[in-house]
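What follows is one structure encoded as structure tokens, with my remarks underneath.
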Amino acid sequence: MPEQLSPWDGRVTPTPFEEYSKKYEEFFVMTRRDGIIELRMHTDGGPFRHSWVGHNAWHQAWAEVGNDPENEVLIITGTGERWHTGDPAELWHTPFPQWSTDSQLKMYGDMVKLLENFVSAIDIPTIAAVNGPGTHCEFATACDITLCAEDADFFDPHFLGGGVPGDGMGLTLQHTIGTKRASYYMYTGEPIDGPTALRLGLVNEVLPRERLLPRAWEIAEMMMARPRASRLLTHAIASRPWKRAFVDDLGFHTAHQLWGMAIGEAGQLDKLRQMTERFRGPQAGESSRE
């Protein structure tokens with residue numbers, strides 16, 4: 001059982017689990033047992049489908065989860081056989097240069113806070129269980145421990161799609177697999193499947209999909225068997241390199257991605273839309289291209 005915090009006179013009561021789990025239920029199925037909270041991303045019960053609303057919800061959810069002292073270890077995962085899916089044509093039906101100044105500034109804030117809040121607002125051990133391919137693996141990579149399925153794909157799509165790799169995936173690659181290797185994968189968009197990610201040092205374990213969550217819970221329960229102070233302070237040590245990296249470079253990366261988008265060179269969106277199948281995965285009645 002998790003340890004109980006003593007009452008603290010004058011303490012502002014944090015938002016309870018029952019409230020924020022309901023607030024974000026469109027984006028996460030949240031489960032908590034004995035201090036371990038699992039966030040399973042989803043859209044309508046299937047794999048999470050990327051949207052700007054969901055993108056905005058992520059960093060707000062991190063803050064509320066991190067502010068709840070009843071949460072002592074975090075597991076984050078996806079639904080079904082994909083970590084993430086989406087359609088660039090849906091996301092970018094209005095080109096970025098045509099967005100209002102207010103919307104552009106809000107996008108900058110969402111992009112930065114997505115990773116900043118994940119490492120700065122969550123002060124407990126974090127475990128990612130990447131259940132399949134999909135973009136936005138940057139916060140999974142920034143977890144203390146990262147497990148993945150064999151067919152996971154930690155690719156950065158931005159340059160291949162005509163953009164600048166500045167939303168965090170390129171940065172997390174630089175700090176896990178090294179500058180030279182990260183440059184190769186940022187430029188080429190080559191797949192980084194589970195075995196490759198393990199070889200490069202991007203993940204800790206590669207497992208069959210059905211073993212992924214049980215293993216994450218096994219590790220989380222092992223962590224819970226150690227003292228609360230040991231968990232919190234070990235996480236502080238584990239996450240410090242990410243905090244330093246994000247303070248130093250995340251704003252720089254993000255600003256350059258958005259600058260490239262704001263220039264709006266001809267044909268940029270066409271290249272992104274050509275990658276639709278890789279973003280969304282094969283649909284019903286389709287077969288995956290090899």
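Labels used: A, B, ... for chains in the order of the structure tokens, numbers from 1 for residues in each chain, and numbers from 1 for ligands as shown.
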
Shell around Gly168 in chain A at 9 Å using only C-alpha atoms, local window under 6 positions removed, as a ChimeraX atom specification
/A:111-112,115,136-139,246,250,253-254

Would you save the residues from that selection as a PDB file, in the first residue's frame, using C-alpha atoms?
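Once written, result27.pdb looks like this:
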```pdb
ATOM      1  CA  MET A 111       4.655  22.449 -27.658  1.00  0.00           C
ATOM      2  CA  VAL A 112       7.012  23.625 -24.931  1.00  0.00           C
ATOM      3  CA  LEU A 115       7.703  18.239 -22.372  1.00  0.00           C
ATOM      4  CA  HIS A 136       5.047  11.850 -30.418  1.00  0.00           C
ATOM      5  CA  CYS A 137       7.259   9.341 -28.656  1.00  0.00           C
ATOM      6  CA  GLU A 138       9.254  12.197 -27.091  1.00  0.00           C
ATOM      7  CA  PHE A 139       7.601  12.045 -23.673  1.00  0.00           C
ATOM      8  CA  PHE A 246      14.788  21.251 -22.028  1.00  0.00           C
ATOM      9  CA  LEU A 250      13.580  23.006 -26.109  1.00  0.00           C
ATOM     10  CA  HIS A 253      14.059  23.754 -31.209  1.00  0.00           C
ATOM     11  CA  THR A 254      10.388  24.700 -30.944  1.00  0.00           C
TER      12      THR A 254
END
```

All helix (DSSP H, G or I) residues (DSSP, backbone) inside range 40-204 of chain A, as an MDAnalysis selection string
chainID A and resid 52:66 88:91 96:98 101:120 138:141 169:177 179:188 194:200

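Non-sequential neighbours of range 38-54 of chain A (distance at most 6 Å, separation of 6 or more positions within a chain, only C-alpha atoms) are Phe27, Phe28, Val29, Met30, Thr31, Leu74, Ile75, Ile76, Thr77, Gly78, Thr79, Gly80, Arg82, His84, Thr85 and Gly86 of chain A.
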
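For the pair CA of Arg33 in chain A and CA of Pro125 in chain A, the interatomic distance is 15.1 Å.
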
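Remark: for Thr188 in chain A, the closest of the candidate residues A:Arg215, A:His158, A:Lys23, A:Arg226 is A:His158 (distances computed over only C-alpha atoms).
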
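Distance annotation: of A:Glu18, A:Glu221, A:Glu81, A:Asp123, the residue with the minimal separation from Asp34 in chain A is A:Glu221; atom set is only C-alpha atoms.
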
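Computed from the coordinates, the CA of Ala63 in chain A to CA of Ala121 in chain A distance equals 5.4 Å.
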